[in-house]
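Following: one structure in structure tokens, then a few remarks.
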Amino acid sequence: MDWSHYRFRSLWRLTAPPAVVYETLERAEDYPRWWPQIREVTRLDDSAGIIRIRSVLPYDLRFTARETRRDPGAGVLEIAMTGDLDGWARWTLTADGTGTLARYEQVVDVNKPLLRRFAVPGRPVFRANHRIMMRSGRRGLAAYLEAV
């Protein structure tokens, strides 16, 4: 088993309709406004940017995100990641009554040397750190959508 390989999945129920959620999620440069752990997004061009994240643990992760799929009709946004994280992440949005069910999936290999060094003993802590980040993101997005 590669202890630096992770698969994550989160489901967010949101009260806004899928089209509104999609429009918000496709503007990655605005994520720091509503997702506290996404500290910085620097656009490189129309389909790529550098993202810096930091959750509870005292380390930053930096990676380049490159759009691989943008399909508003299917409600799908997908990126490839390279840097401290290599892999992909995908949002899939579906109607949920009058709101939205946002499914987030991520498959990554961690390349940051410190995290690789502590891969075995740190794995439960790293996974908990990710859960905290995702919970905060859901709350932030829900509040942001209600305010706009």
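Naming scheme: A, B, ... for chains in displayed order of the structure tokens; residues 1 onward per chain; ligands 1 onward as shown.
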Exercise for review: Could you please write out, as number ranges by chain, every residue of region 79-146 of chain A that DSSP assigns to strand (DSSP E)?
Suggested key: A: 79-83, 85-96, 99-110
Practice item. Can you list, as a VMD selection string, all residues belonging to region 12-141 of chain A that DSSP tags as helix (DSSP H, G or I)? Key: chain A and resid 18 to 25 28 to 34 113 to 117 119 to 141
Write out as CSV the residues of region 49-68 of chain A that have any atom within 12 Å of an atom of region 29-34 of chain A, one row each with the nearest atom pair and its distance in Å to one decimal, counting only C-alpha atoms, sorted by chain and then rising number.
```
residue,atom,partner,partner_atom,distance
A:Gly49,CA,A:Glu29,CA,8.4
A:Ile50,CA,A:Glu29,CA,9.7
A:Ile51,CA,A:Glu29,CA,9.0
A:Arg52,CA,A:Pro32,CA,9.8
A:Ile53,CA,A:Pro32,CA,9.4
A:Arg54,CA,A:Pro32,CA,11.2
A:Ala65,CA,A:Glu29,CA,11.4
```
Using only N, CA and C atoms, please write the residues we just selected to a file, as an mmCIF file, in the first residue's frame.
```
data_model
loop_
_atom_site.group_PDB
_atom_site.id
_atom_site.type_symbol
_atom_site.label_atom_id
_atom_site.label_comp_id
_atom_site.auth_asym_id
_atom_site.auth_seq_id
_atom_site.Cartn_x
_atom_site.Cartn_y
_atom_site.Cartn_z
ATOM 1 N N GLY A 49 -4.313 27.511 -12.601
ATOM 2 C CA GLY A 49 -3.904 28.421 -11.540
ATOM 3 C C GLY A 49 -3.108 27.684 -10.483
ATOM 4 N N ILE A 50 -2.479 28.451 -9.625
ATOM 5 C CA ILE A 50 -1.734 27.886 -8.501
ATOM 6 C C ILE A 50 -2.574 28.108 -7.250
ATOM 7 N N ILE A 51 -2.755 27.035 -6.493
ATOM 8 C CA ILE A 51 -3.594 27.082 -5.305
ATOM 9 C C ILE A 51 -2.745 26.770 -4.079
ATOM 10 N N ARG A 52 -2.952 27.560 -3.029
ATOM 11 C CA ARG A 52 -2.276 27.315 -1.747
ATOM 12 C C ARG A 52 -3.348 27.070 -0.710
ATOM 13 N N ILE A 53 -3.253 25.909 -0.034
ATOM 14 C CA ILE A 53 -4.223 25.555 0.996
ATOM 15 C C ILE A 53 -3.513 25.281 2.318
ATOM 16 N N ARG A 54 -4.256 25.490 3.391
ATOM 17 C CA ARG A 54 -3.752 25.174 4.727
ATOM 18 C C ARG A 54 -4.962 24.979 5.633
ATOM 19 N N ALA A 65 -3.433 23.682 -10.508
ATOM 20 C CA ALA A 65 -4.700 23.069 -10.905
ATOM 21 C C ALA A 65 -4.950 23.442 -12.365
#
```
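Of the listed residues (A:Met1, A:Arg43, A:Leu115, A:Arg103), A:Leu115 comes nearest to Arg127 (chain A); the distances count only C-alpha atoms.
Distance-wise, CA of Ser136 (chain A) and CA of Arg13 (chain A) end up 13.4 Å apart.
The shortest atom-to-atom distance to Leu85 (chain A), with only C-alpha atoms taken into account, belongs to A:Tyr6 out of A:Leu25, A:Tyr104, A:Tyr6, A:His130.
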Check your understanding: So how far away is CA of Asp86 (chain A) from CA of Gly122 (chain A), in Å?
Key -> 18.6 Å
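One finds CA of Ala80 (chain A) at 13.6 Å from CA of Val110 (chain A).
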Point to revise | Shortest interatomic distance to Ile79 (chain A) - which of A:Ala28, A:Ala142, A:Met133, A:Ala128, counting only C-alpha atoms | key: A:Ala28
